[in-house]
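Structure file model.txt (compact mmCIF, C-alpha atoms) follows.
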```
# COMPACT_ATOMS: atom_id res chain seq x y z
CA MET A 1 134.29 93.83 199.84
CA ASN A 2 133.97 93.49 196.05
CA ALA A 3 132.84 90.42 194.11
CA LYS A 4 136.38 89.33 193.24
CA GLU A 5 137.44 89.39 196.89
CA LYS A 6 134.30 87.54 197.99
CA PHE A 7 134.82 84.92 195.29
CA HIS A 8 138.29 84.06 196.57
CA GLN A 9 137.07 83.87 200.16
CA VAL A 10 134.30 81.49 199.10
CA MET A 11 136.68 79.31 197.10
CA GLU A 12 139.04 79.20 200.08
CA PHE A 13 136.19 77.90 202.29
CA GLU A 14 135.78 80.94 204.52
CA SER A 15 132.80 80.01 206.68
CA GLY A 16 129.63 82.01 205.99
CA ILE A 17 131.02 83.95 203.02
CA SER A 18 129.18 83.63 199.71
CA LEU A 19 127.99 85.55 196.65
CA LYS A 20 124.50 86.56 195.59
CA TRP A 21 124.47 85.16 192.06
CA GLU A 22 122.15 83.34 189.71
CA PHE A 23 123.22 81.00 186.92
CA GLY A 24 120.71 82.33 184.41
CA TYR A 25 117.24 82.23 182.90
CA TRP A 26 115.47 81.12 179.74
CA ALA A 27 114.36 84.00 177.54
CA ALA A 28 110.75 82.79 177.88
CA THR A 29 111.08 83.12 181.65
CA LEU A 30 112.02 86.78 181.47
CA ARG A 31 109.22 87.48 178.98
CA ARG A 32 106.76 85.99 181.48
CA TRP A 33 108.24 88.01 184.33
CA TYR A 34 107.96 91.30 182.43
CA GLU A 35 104.24 90.58 182.11
CA GLU A 36 104.03 89.79 185.84
CA GLY A 37 105.73 92.91 187.16
CA LEU A 38 109.50 92.74 186.57
CA GLU A 39 110.50 96.24 185.52
CA LYS A 40 111.86 96.31 181.98
CA ILE A 41 114.90 98.59 182.00
CA VAL A 42 117.30 96.81 179.65
CA GLY A 43 115.07 93.99 178.41
CA ILE A 44 116.20 91.20 176.14
CA PRO A 45 116.51 91.27 172.35
CA GLU A 46 113.25 90.72 170.48
CA GLU A 47 114.99 88.20 168.23
CA ALA A 48 116.03 86.01 171.19
CA ALA A 49 114.20 82.68 170.96
CA ASP A 50 112.21 81.57 173.99
CA GLY A 51 114.63 78.64 174.33
CA ASP A 52 117.73 80.84 174.38
CA GLY A 53 119.70 80.98 177.61
CA VAL A 54 120.06 84.36 179.30
CA HIS A 55 123.04 84.46 181.59
CA GLY A 56 123.18 85.59 185.19
CA GLY A 57 126.21 86.57 187.25
CA ALA A 58 127.50 83.02 187.72
CA ALA A 59 127.56 82.18 184.01
CA GLY A 60 129.79 85.03 182.92
CA TRP A 61 130.04 86.75 179.55
CA ARG A 62 129.00 84.80 176.48
CA PRO A 63 129.37 86.24 172.99
CA GLY A 64 126.05 87.06 171.36
CA ARG A 65 123.98 86.07 174.41
CA PRO A 66 121.47 88.37 176.15
CA ASN A 67 121.81 88.87 179.90
CA GLY A 68 119.44 89.02 182.83
CA THR A 69 120.40 92.52 183.93
CA ASP A 70 116.88 93.52 185.00
CA ALA A 71 116.26 90.49 187.26
CA ASN A 72 119.81 90.69 188.64
CA HIS A 73 119.36 94.39 189.45
CA ILE A 74 115.91 94.17 191.04
CA CYS A 75 117.03 91.21 193.17
CA GLN A 76 120.16 93.14 194.29
CA LEU A 77 122.60 90.48 193.16
CA ASP A 78 126.37 90.89 193.30
CA GLU A 79 128.50 91.87 190.34
CA GLY A 80 128.90 88.80 188.15
CA LEU A 81 132.01 87.10 186.84
CA GLN A 82 133.28 87.76 183.34
CA ARG A 83 134.89 85.38 180.89
CA MET A 84 138.01 86.69 179.21
CA LYS A 85 136.99 87.70 175.71
CA CYS A 86 139.21 85.35 173.75
CA ASN A 87 137.90 82.89 171.16
CA ASN A 88 139.10 79.52 172.46
CA TYR A 89 137.63 77.41 169.65
CA LEU A 90 137.49 77.65 165.84
CA ALA A 91 139.10 80.63 164.14
CA PRO A 92 138.13 81.40 161.50
CA LEU A 93 134.58 80.13 161.78
CA PHE A 94 132.87 78.34 158.92
CA GLU A 95 130.61 80.30 156.61
CA GLU A 96 127.03 79.22 157.29
CA GLU A 97 125.53 77.29 154.39
CA VAL A 98 121.94 76.15 153.78
CA LEU A 99 121.98 72.50 152.70
CA GLU A 100 118.23 71.86 152.48
CA GLU A 101 115.06 73.86 153.07
CA GLN A 102 111.45 72.81 153.60
CA GLU A 103 108.33 74.70 154.63
CA ASP A 104 108.81 74.18 158.37
CA TRP A 105 112.55 73.64 158.73
CA ILE A 106 115.98 74.06 157.18
CA ILE A 107 119.21 72.08 157.40
CA VAL A 108 122.36 74.17 157.57
CA ARG A 109 126.04 73.76 158.14
CA ASN A 110 126.47 76.30 160.92
CA ASP A 111 129.43 78.51 161.80
CA ILE A 112 131.18 75.78 163.81
CA GLY A 113 130.76 73.25 161.00
CA MET A 114 127.92 71.21 162.52
CA THR A 115 125.05 70.02 160.35
CA GLU A 116 122.01 71.41 162.13
CA LYS A 117 118.27 71.07 161.58
CA ARG A 118 116.43 74.24 162.56
CA SER A 119 112.70 74.61 162.97
CA LYS A 120 111.17 77.80 161.58
CA THR A 121 108.85 77.96 164.61
CA ARG A 122 109.96 80.52 167.18
CA GLY A 123 111.16 78.95 170.40
CA SER A 124 111.80 75.49 168.94
CA LEU A 125 115.16 73.90 169.63
CA SER A 126 117.58 72.87 166.92
CA SER A 127 118.79 69.31 166.48
CA TYR A 128 122.34 68.46 165.48
CA ILE A 129 122.87 65.78 162.87
CA ALA A 130 126.65 65.54 162.52
CA GLY A 131 129.90 67.35 163.18
CA PRO A 132 132.65 68.32 160.73
CA VAL A 133 135.03 65.54 161.83
CA LYS A 134 134.55 61.93 160.72
CA THR A 135 138.13 60.78 160.25
CA LEU A 136 141.62 61.56 161.49
CA ASP A 137 142.26 63.41 158.21
CA ASP A 138 139.22 65.63 158.89
CA TRP A 139 140.60 66.40 162.33
CA GLU A 140 144.07 67.24 161.03
CA LYS A 141 142.50 69.63 158.49
CA ILE A 142 140.34 71.38 161.13
CA LYS A 143 143.33 71.64 163.43
CA ALA A 144 145.61 73.08 160.73
CA GLU A 145 143.06 75.58 159.40
CA ARG A 146 141.04 76.63 162.46
CA LEU A 147 142.71 75.54 165.71
CA GLN A 148 146.05 77.29 165.68
CA PRO A 149 146.85 78.78 169.10
CA SER A 150 147.91 82.20 167.84
CA LEU A 151 146.08 85.10 169.53
CA GLU A 152 145.81 86.87 166.19
CA GLY A 153 142.17 87.00 165.18
CA ARG A 154 141.04 85.61 168.54
CA LEU A 155 140.95 88.83 170.56
CA PRO A 156 138.40 91.65 170.14
CA GLU A 157 139.40 94.98 168.64
CA ASP A 158 139.03 96.71 171.99
CA TRP A 159 141.44 94.30 173.69
CA PRO A 160 143.72 97.05 175.12
CA VAL A 161 140.72 98.68 176.83
CA LEU A 162 139.45 95.33 178.09
CA LEU A 163 142.88 94.40 179.37
CA GLU A 164 143.09 97.61 181.37
CA GLY A 165 139.70 96.83 182.91
CA TYR A 166 140.71 93.24 183.66
CA ARG A 167 143.80 94.41 185.52
CA SER A 168 141.82 96.78 187.76
CA ARG A 169 138.73 94.56 188.07
CA THR A 170 136.34 94.19 190.97
CA PHE A 171 134.76 91.03 189.49
CA PRO A 172 136.12 87.47 189.13
CA LEU A 173 137.72 86.88 185.72
CA ALA A 174 137.57 83.44 184.07
CA LEU A 175 139.45 81.68 181.33
CA GLY A 176 137.60 79.27 179.10
CA GLY A 177 133.91 78.45 179.19
CA GLY A 178 131.97 76.75 176.45
CA GLN A 179 134.58 74.06 175.81
CA GLY A 180 135.71 70.78 177.36
CA PHE A 181 137.13 67.35 176.69
CA PHE A 182 133.69 65.86 176.04
CA GLY A 183 131.76 69.02 175.17
CA THR A 184 134.10 70.11 172.38
CA PRO A 185 134.39 66.66 170.74
CA ARG A 186 130.59 66.68 170.67
CA PHE A 187 130.75 69.81 168.49
CA LEU A 188 133.41 68.20 166.32
CA LEU A 189 131.88 64.76 165.91
CA GLY A 190 128.15 65.14 166.55
CA GLU A 191 125.90 64.35 169.50
CA VAL A 192 125.50 60.65 168.69
CA GLN A 193 128.91 60.13 167.13
CA VAL A 194 130.74 61.38 170.24
CA LEU A 195 129.24 58.47 172.19
CA THR A 196 130.34 55.77 169.74
CA VAL A 197 133.78 57.11 168.82
CA PHE A 198 135.36 55.74 172.03
CA TYR A 199 134.59 52.24 170.73
CA ASP A 200 134.64 52.65 166.94
CA GLN A 201 137.60 55.06 166.59
CA PRO A 202 139.49 55.17 169.91
CA ASP A 203 142.67 56.51 168.30
CA LEU A 204 140.74 59.46 166.85
CA ILE A 205 139.14 60.58 170.12
CA ARG A 206 142.40 60.05 172.00
CA GLN A 207 144.20 62.28 169.49
CA ILE A 208 141.48 64.96 169.61
CA ILE A 209 141.59 65.19 173.41
CA SER A 210 145.38 65.32 173.53
CA ASP A 211 145.51 67.98 170.80
CA LEU A 212 142.81 70.07 172.50
CA ALA A 213 144.79 70.08 175.75
CA ASP A 214 147.92 71.21 173.88
CA PHE A 215 145.93 73.85 171.98
CA TRP A 216 144.41 75.42 175.09
CA ILE A 217 147.72 75.40 176.95
CA ALA A 218 149.46 77.16 174.05
CA LEU A 219 146.58 79.63 173.70
CA TYR A 220 146.22 80.51 177.39
CA ASP A 221 149.94 80.77 178.16
CA PRO A 222 150.45 84.19 176.50
CA LEU A 223 147.13 85.45 177.90
CA LEU A 224 148.29 84.67 181.43
CA ASP A 225 151.46 86.65 180.70
CA GLN A 226 149.20 89.69 180.24
CA VAL A 227 146.77 89.31 183.14
CA ASP A 228 145.99 86.91 185.97
CA VAL A 229 142.62 85.16 186.23
CA ASP A 230 140.52 83.96 189.14
CA LEU A 231 139.20 80.72 187.70
CA MET A 232 139.09 78.35 184.75
CA MET A 233 135.65 77.31 183.44
CA ILE A 234 135.23 74.00 181.60
CA TRP A 235 131.96 72.93 179.98
CA GLU A 236 131.16 69.25 179.62
CA ASP A 237 127.44 68.37 180.08
CA ILE A 238 128.60 64.77 180.21
CA CYS A 239 125.76 63.38 182.35
CA PHE A 240 121.99 62.94 182.20
CA ASN A 241 119.37 62.18 184.86
CA ASN A 242 120.52 58.59 185.41
CA GLY A 243 124.28 59.03 185.31
CA PRO A 244 127.18 59.74 182.96
CA LEU A 245 126.93 59.40 179.19
CA ILE A 246 130.19 57.45 179.18
CA SER A 247 131.45 55.00 181.78
CA PRO A 248 133.95 56.02 184.47
CA ASP A 249 136.44 53.58 182.92
CA THR A 250 136.09 55.35 179.56
CA PHE A 251 136.53 58.72 181.25
CA ARG A 252 139.66 57.48 182.98
CA GLU A 253 141.20 56.06 179.81
CA PHE A 254 140.43 58.88 177.39
CA MET A 255 139.59 62.10 179.24
CA LEU A 256 141.63 61.96 182.43
CA PRO A 257 145.00 62.45 180.66
CA GLY A 258 143.69 65.63 179.04
CA TYR A 259 142.43 66.96 182.34
CA LYS A 260 145.69 66.23 184.11
CA LYS A 261 147.72 67.91 181.38
CA LEU A 262 145.57 71.08 181.34
CA THR A 263 145.09 71.45 185.10
CA SER A 264 148.81 70.90 185.77
CA PHE A 265 149.58 73.80 183.44
CA LEU A 266 146.94 75.99 185.10
CA ARG A 267 148.24 75.31 188.59
CA ASP A 268 151.77 76.13 187.45
CA ARG A 269 150.42 79.47 186.16
CA GLY A 270 148.72 80.26 189.47
CA VAL A 271 145.11 79.38 188.54
CA LYS A 272 143.77 77.77 191.71
CA ASN A 273 140.10 77.40 190.87
CA ILE A 274 139.14 75.00 188.05
CA ILE A 275 135.37 74.58 187.82
CA VAL A 276 133.41 72.21 185.57
CA ASP A 277 129.83 72.67 184.34
CA SER A 278 127.91 69.43 183.87
CA ASP A 279 124.19 68.85 184.10
CA GLY A 280 122.69 65.58 185.31
CA ASP A 281 123.86 62.97 187.80
CA VAL A 282 127.64 63.40 188.13
CA TRP A 283 128.16 61.23 191.24
CA LYS A 284 130.15 58.51 189.46
CA LEU A 285 132.47 61.02 187.79
CA LEU A 286 133.15 63.31 190.76
CA PRO A 287 136.19 61.33 192.01
CA LEU A 288 137.65 61.31 188.49
CA PHE A 289 137.19 65.04 188.04
CA LEU A 290 138.95 65.59 191.36
CA GLU A 291 141.76 63.22 190.36
CA GLY A 292 142.08 65.21 187.14
CA GLY A 293 142.72 68.43 189.06
CA VAL A 294 139.22 69.95 189.03
CA THR A 295 138.41 71.92 192.21
CA GLY A 296 134.71 72.74 191.75
CA MET A 297 131.48 71.78 189.99
CA TYR A 298 128.08 73.21 189.10
CA PRO A 299 125.01 73.32 188.81
CA PHE A 300 124.03 70.13 190.81
CA GLU A 301 120.63 69.32 189.36
CA VAL A 302 118.36 68.17 192.18
CA LYS A 303 116.03 66.14 189.94
CA ALA A 304 119.07 64.10 188.84
CA GLY A 305 119.87 63.15 192.43
CA MET A 306 122.49 65.81 193.13
CA ASP A 307 121.82 66.79 196.75
CA VAL A 308 124.41 69.42 197.68
CA VAL A 309 124.36 68.42 201.36
CA GLU A 310 125.20 64.80 200.52
CA VAL A 311 127.88 65.87 198.05
CA ARG A 312 129.46 68.18 200.63
CA LYS A 313 129.52 65.38 203.23
CA THR A 314 131.20 63.07 200.71
CA TYR A 315 133.61 65.64 199.24
CA PRO A 316 134.25 68.27 201.95
CA ARG A 317 136.71 70.32 199.86
CA LEU A 318 134.85 70.35 196.56
CA GLN A 319 133.87 73.89 195.58
CA MET A 320 130.15 73.89 194.79
CA LEU A 321 127.84 76.28 192.96
CA GLY A 322 124.09 75.91 192.41
CA GLY A 323 121.95 73.07 193.73
CA PHE A 324 118.71 74.89 194.61
CA SER A 325 115.76 72.93 193.23
CA LYS A 326 113.85 74.46 190.31
CA ALA A 327 110.89 72.29 191.30
CA SER A 328 110.57 74.07 194.65
CA LEU A 329 110.07 77.41 192.88
CA ILE A 330 107.39 75.92 190.71
CA ALA A 331 105.68 74.34 193.73
CA GLY A 332 105.48 77.54 195.77
CA LYS A 333 106.63 79.33 198.91
CA GLU A 334 106.28 76.42 201.32
CA GLU A 335 108.59 74.27 199.21
CA ILE A 336 110.99 77.19 198.81
CA ASP A 337 111.18 77.60 202.59
CA THR A 338 111.81 73.87 203.05
CA GLU A 339 114.65 73.91 200.54
CA LEU A 340 116.23 76.94 202.21
CA ASP A 341 115.86 75.54 205.72
CA GLN A 342 117.10 72.04 204.98
CA LYS A 343 120.07 72.86 202.78
CA ILE A 344 121.26 76.38 202.34
CA PHE A 345 122.24 77.77 205.75
CA TRP A 346 124.17 74.60 206.67
CA MET A 347 125.97 74.72 203.32
CA LEU A 348 126.91 78.37 203.84
CA GLU A 349 128.41 77.52 207.23
CA GLN A 350 130.68 74.93 205.57
CA GLY A 351 132.11 77.45 203.10
CA GLY A 352 133.08 76.80 199.50
CA TYR A 353 129.50 77.21 198.30
CA ILE A 354 127.57 79.70 196.15
CA PRO A 355 123.83 78.91 196.21
CA TYR A 356 121.66 79.46 193.17
CA MET A 357 119.20 77.58 190.95
CA ASP A 358 120.27 74.15 189.72
CA HIS A 359 120.12 75.33 186.09
CA LEU A 360 118.49 78.12 184.11
CA VAL A 361 115.22 79.27 185.70
CA PRO A 362 112.37 77.75 183.63
CA PRO A 363 109.32 79.68 182.39
CA ASP A 364 106.92 77.85 184.70
CA VAL A 365 108.42 79.78 187.65
CA SER A 366 106.42 82.90 188.45
CA TRP A 367 108.08 86.25 189.14
CA GLU A 368 106.40 86.28 192.58
CA ASN A 369 107.93 82.94 193.55
CA PHE A 370 111.35 83.81 192.16
CA TYR A 371 111.47 87.17 193.94
CA TYR A 372 110.35 85.51 197.20
CA TYR A 373 113.08 82.86 196.89
CA ARG A 374 115.78 85.32 195.95
CA THR A 375 114.92 87.79 198.72
CA LYS A 376 115.00 85.07 201.38
CA LEU A 377 118.21 83.56 199.97
CA ASN A 378 119.88 86.97 199.99
CA SER A 379 118.89 87.36 203.65
CA LEU A 380 120.39 83.96 204.50
CA ILE A 381 123.65 84.83 202.77
CA SER A 382 123.86 88.15 204.66
CA ALA A 383 123.01 86.46 207.96
CA ALA A 384 125.65 83.76 207.48
CA ALA A 385 128.30 86.39 206.76
CA SER A 386 127.47 88.33 209.92
CA GLN A 387 127.89 85.38 212.29
```

For this file, produce the structure as structure tokens.
Amino acid sequence: MNAKEKFHQVMEFESGISLKWEFGYWAATLRRWYEEGLEKIVGIPEEAADGDGVHGGAAGWRPGRPNGTDANHICQLDEGLQRMKCNNYLAPLFEEEVLEEQEDWIIVRNDIGMTEKRSKTRGSLSSYIAGPVKTLDDWEKIKAERLQPSLEGRLPEDWPVLLEGYRSRTFPLALGGGQGFFGTPRFLLGEVQVLTVFYDQPDLIRQIISDLADFWIALYDPLLDQVDVDLMMIWEDICFNNGPLISPDTFREFMLPGYKKLTSFLRDRGVKNIIVDSDGDVWKLLPLFLEGGVTGMYPFEVKAGMDVVEVRKTYPRLQMLGGFSKASLIAGKEEIDTELDQKIFWMLEQGGYIPYMDHLVPPDVSWENFYYYRTKLNSLISAAASQ
């Protein structure tokens, strides 16, 4: 059975069926592992910052991102999903422009129009100061110049070859990824501004969300005429350790209409699996995501209170991915065994679950501990499938 077939069986809640996937790793993690014994076959680019994400099979293709091929191969993981290679955001991009430069940092307008402060120290994270949209006029200009739903300029040059591979694929194929009804406005408005706009400029954020839904529907419609897909991926990161960044009432008023519009279109086009990525404590928003037509969530961060067993008991038909505690891998083999024994086998019996780390694997996890965890988890997945 190939990865595509397994994916559909998991999403349809076949008991005991799952996939051997990981979400991903930080570049610093893989650098540590190469020093501790992971065989370097493909490696990662030298220019990748320690804080760059390196995707695993569950994250799918991301343009310009390194992948964790070596760890995936040594741990005998299944073939990963791929995201359809279509630019679903700004086209054309902005030309990057340096606005200010000091000895230790620079401020730039980056290729998606955000004003960004970058440290010159390798591995340091950037901070985002503002987005390109401050007014409704700004939004109308961005929309007219860079958010037209034509496929021209949004598909790679090798699209005919890719399309042939998509049609004969053995892996799950996803639409979307990297965008959402909170995530994308954060790029447009800025990380702080997106939190205040619901109160200061409600008409602006309402218009942005409605227009984004219309844009993605118009963009994806002709793609789905060319090839079917196995899932839709939506990125939000709308929560932190103590709960959502906006209230459930705000979600219902502003975001829920966009979700309903987009997911209704997807269902009409035969896309059954609609999966949202949000870190943090998503408990208060789970019923709203489900009401909006979402069928699955990931990665269920344990430190934020997301216990996959409790979520499954509360929402028996929610597709779930992730939820294995990073802290247990840092703590050692005894904690790893406890996590596996108390959660994973029962979850596999319920179906609708793909177990992996509850976010990217951090660099304080040793290669020995990760390999131990992954080997035992693989054995559990195989054992559950054989019952």

Quick check, in Å to one decimal: how far apart do atom CA of Ala28 of chain A and atom CA of Pro299 of chain A lie? 20.3 Å

If you take all atoms listed in the file and a cut-off of 10 Å, which residues of segment 163-274 of chain A touch segment 75-95 of chain A, and what are their nearest atom pairs and distances in Å to one decimal, in chain and number order, as CSV?
```
residue,atom,partner,partner_atom,distance
A:Leu163,CA,A:Met84,CA,9.1
A:Tyr166,CA,A:Met84,CA,8.4
A:Arg169,CA,A:Gln82,CA,9.9
A:Thr170,CA,A:Glu79,CA,8.2
A:Phe171,CA,A:Leu81,CA,5.5
A:Pro172,CA,A:Leu81,CA,4.7
A:Leu173,CA,A:Gln82,CA,5.1
A:Ala174,CA,A:Arg83,CA,4.6
A:Leu175,CA,A:Met84,CA,5.6
A:Gly176,CA,A:Asn88,CA,6.8
A:Gly177,CA,A:Arg83,CA,7.2
A:Gly178,CA,A:Asn88,CA,8.6
A:Gln179,CA,A:Tyr89,CA,7.6
A:Thr184,CA,A:Tyr89,CA,8.6
A:Leu212,CA,A:Tyr89,CA,9.4
A:Phe215,CA,A:Asn88,CA,8.9
A:Trp216,CA,A:Asn88,CA,7.2
A:Leu219,CA,A:Asn88,CA,7.6
A:Tyr220,CA,A:Asn88,CA,8.7
A:Leu223,CA,A:Cys86,CA,8.9
A:Val227,CA,A:Met84,CA,10.0
A:Val229,CA,A:Met84,CA,8.5
A:Asp230,CA,A:Leu81,CA,9.4
A:Leu231,CA,A:Arg83,CA,9.3
A:Met232,CA,A:Arg83,CA,9.1
A:Met233,CA,A:Arg83,CA,8.5
```

Using all atoms listed in the file, determine which residues lie at most 10 Å from Pro363 of chain A, disregarding the query and same-chain residues fewer than 5 positions distant; provide the list as an NGL selection string. :A and (25-33 or 50-51 or 330)

Could you please take those selected residues and save C-alpha atoms as an mmCIF file, in the coordinates of the input?
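Final output, saved to again_5.cif:
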```
data_model
loop_
_atom_site.group_PDB
_atom_site.id
_atom_site.type_symbol
_atom_site.label_atom_id
_atom_site.label_comp_id
_atom_site.auth_asym_id
_atom_site.auth_seq_id
_atom_site.Cartn_x
_atom_site.Cartn_y
_atom_site.Cartn_z
ATOM 1 C CA TYR A 25 117.240 82.230 182.900
ATOM 2 C CA TRP A 26 115.470 81.120 179.740
ATOM 3 C CA ALA A 27 114.360 84.000 177.540
ATOM 4 C CA ALA A 28 110.750 82.790 177.880
ATOM 5 C CA THR A 29 111.080 83.120 181.650
ATOM 6 C CA LEU A 30 112.020 86.780 181.470
ATOM 7 C CA ARG A 31 109.220 87.480 178.980
ATOM 8 C CA ARG A 32 106.760 85.990 181.480
ATOM 9 C CA TRP A 33 108.240 88.010 184.330
ATOM 10 C CA ASP A 50 112.210 81.570 173.990
ATOM 11 C CA GLY A 51 114.630 78.640 174.330
ATOM 12 C CA ILE A 330 107.390 75.920 190.710
#
```

Starting from the point (119.1, 77.3, 207.2), work out which residues of protein, DNA or RNA have an atom no more than 12 Å away when counting all atoms listed in the file; state them as a ChimeraX atom specification. /A:16,309,336-350,376-377,379-381,383-384

To one decimal place, how far is atom CA of Gly113 of chain A from atom CA of Ile274 of chain A in Å? 28.4 Å

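Proximity ranking of A:Glu36, A:Ile41, A:Phe13, A:Met255 relative to Pro316 of chain A places A:Phe13 first, based on all atoms listed in the file.
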
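You can rank A:Phe198, A:Trp159, A:Tyr298, A:Phe187 by their closest distance to Val133 of chain A using only C-alpha atoms, and at the top of that list sits A:Phe187.
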
Could you tell me how far atom CA of Ile234 of chain A sits from atom CA of Gly183 of chain A, in Å to one decimal place? 8.8 Å

From the list A:Arg118, A:Lys261, A:Lys284, A:Lys40, which residue is nearest Gly243 of chain A when using all atoms listed in the file? A:Lys284

Got a sec: who's within 12 Å of Ser328 of chain A, counting all atoms listed in the file, leaving out chain neighbours fewer than 6 positions off, as an mmCIF file with C-alpha atoms, in the frame of the given file?
```cif
data_model
loop_
_atom_site.group_PDB
_atom_site.id
_atom_site.type_symbol
_atom_site.label_atom_id
_atom_site.label_comp_id
_atom_site.auth_asym_id
_atom_site.auth_seq_id
_atom_site.Cartn_x
_atom_site.Cartn_y
_atom_site.Cartn_z
ATOM 1 C CA VAL A 302 118.360 68.170 192.180
ATOM 2 C CA LYS A 303 116.030 66.140 189.940
ATOM 3 C CA GLU A 334 106.280 76.420 201.320
ATOM 4 C CA GLU A 335 108.590 74.270 199.210
ATOM 5 C CA ILE A 336 110.990 77.190 198.810
ATOM 6 C CA ASP A 337 111.180 77.600 202.590
ATOM 7 C CA THR A 338 111.810 73.870 203.050
ATOM 8 C CA GLU A 339 114.650 73.910 200.540
ATOM 9 C CA LEU A 340 116.230 76.940 202.210
ATOM 10 C CA MET A 357 119.200 77.580 190.950
ATOM 11 C CA ASP A 358 120.270 74.150 189.720
ATOM 12 C CA VAL A 361 115.220 79.270 185.700
ATOM 13 C CA PRO A 362 112.370 77.750 183.630
ATOM 14 C CA ASP A 364 106.920 77.850 184.700
ATOM 15 C CA VAL A 365 108.420 79.780 187.650
ATOM 16 C CA SER A 366 106.420 82.900 188.450
ATOM 17 C CA ASN A 369 107.930 82.940 193.550
ATOM 18 C CA PHE A 370 111.350 83.810 192.160
ATOM 19 C CA TYR A 372 110.350 85.510 197.200
ATOM 20 C CA TYR A 373 113.080 82.860 196.890
#
```
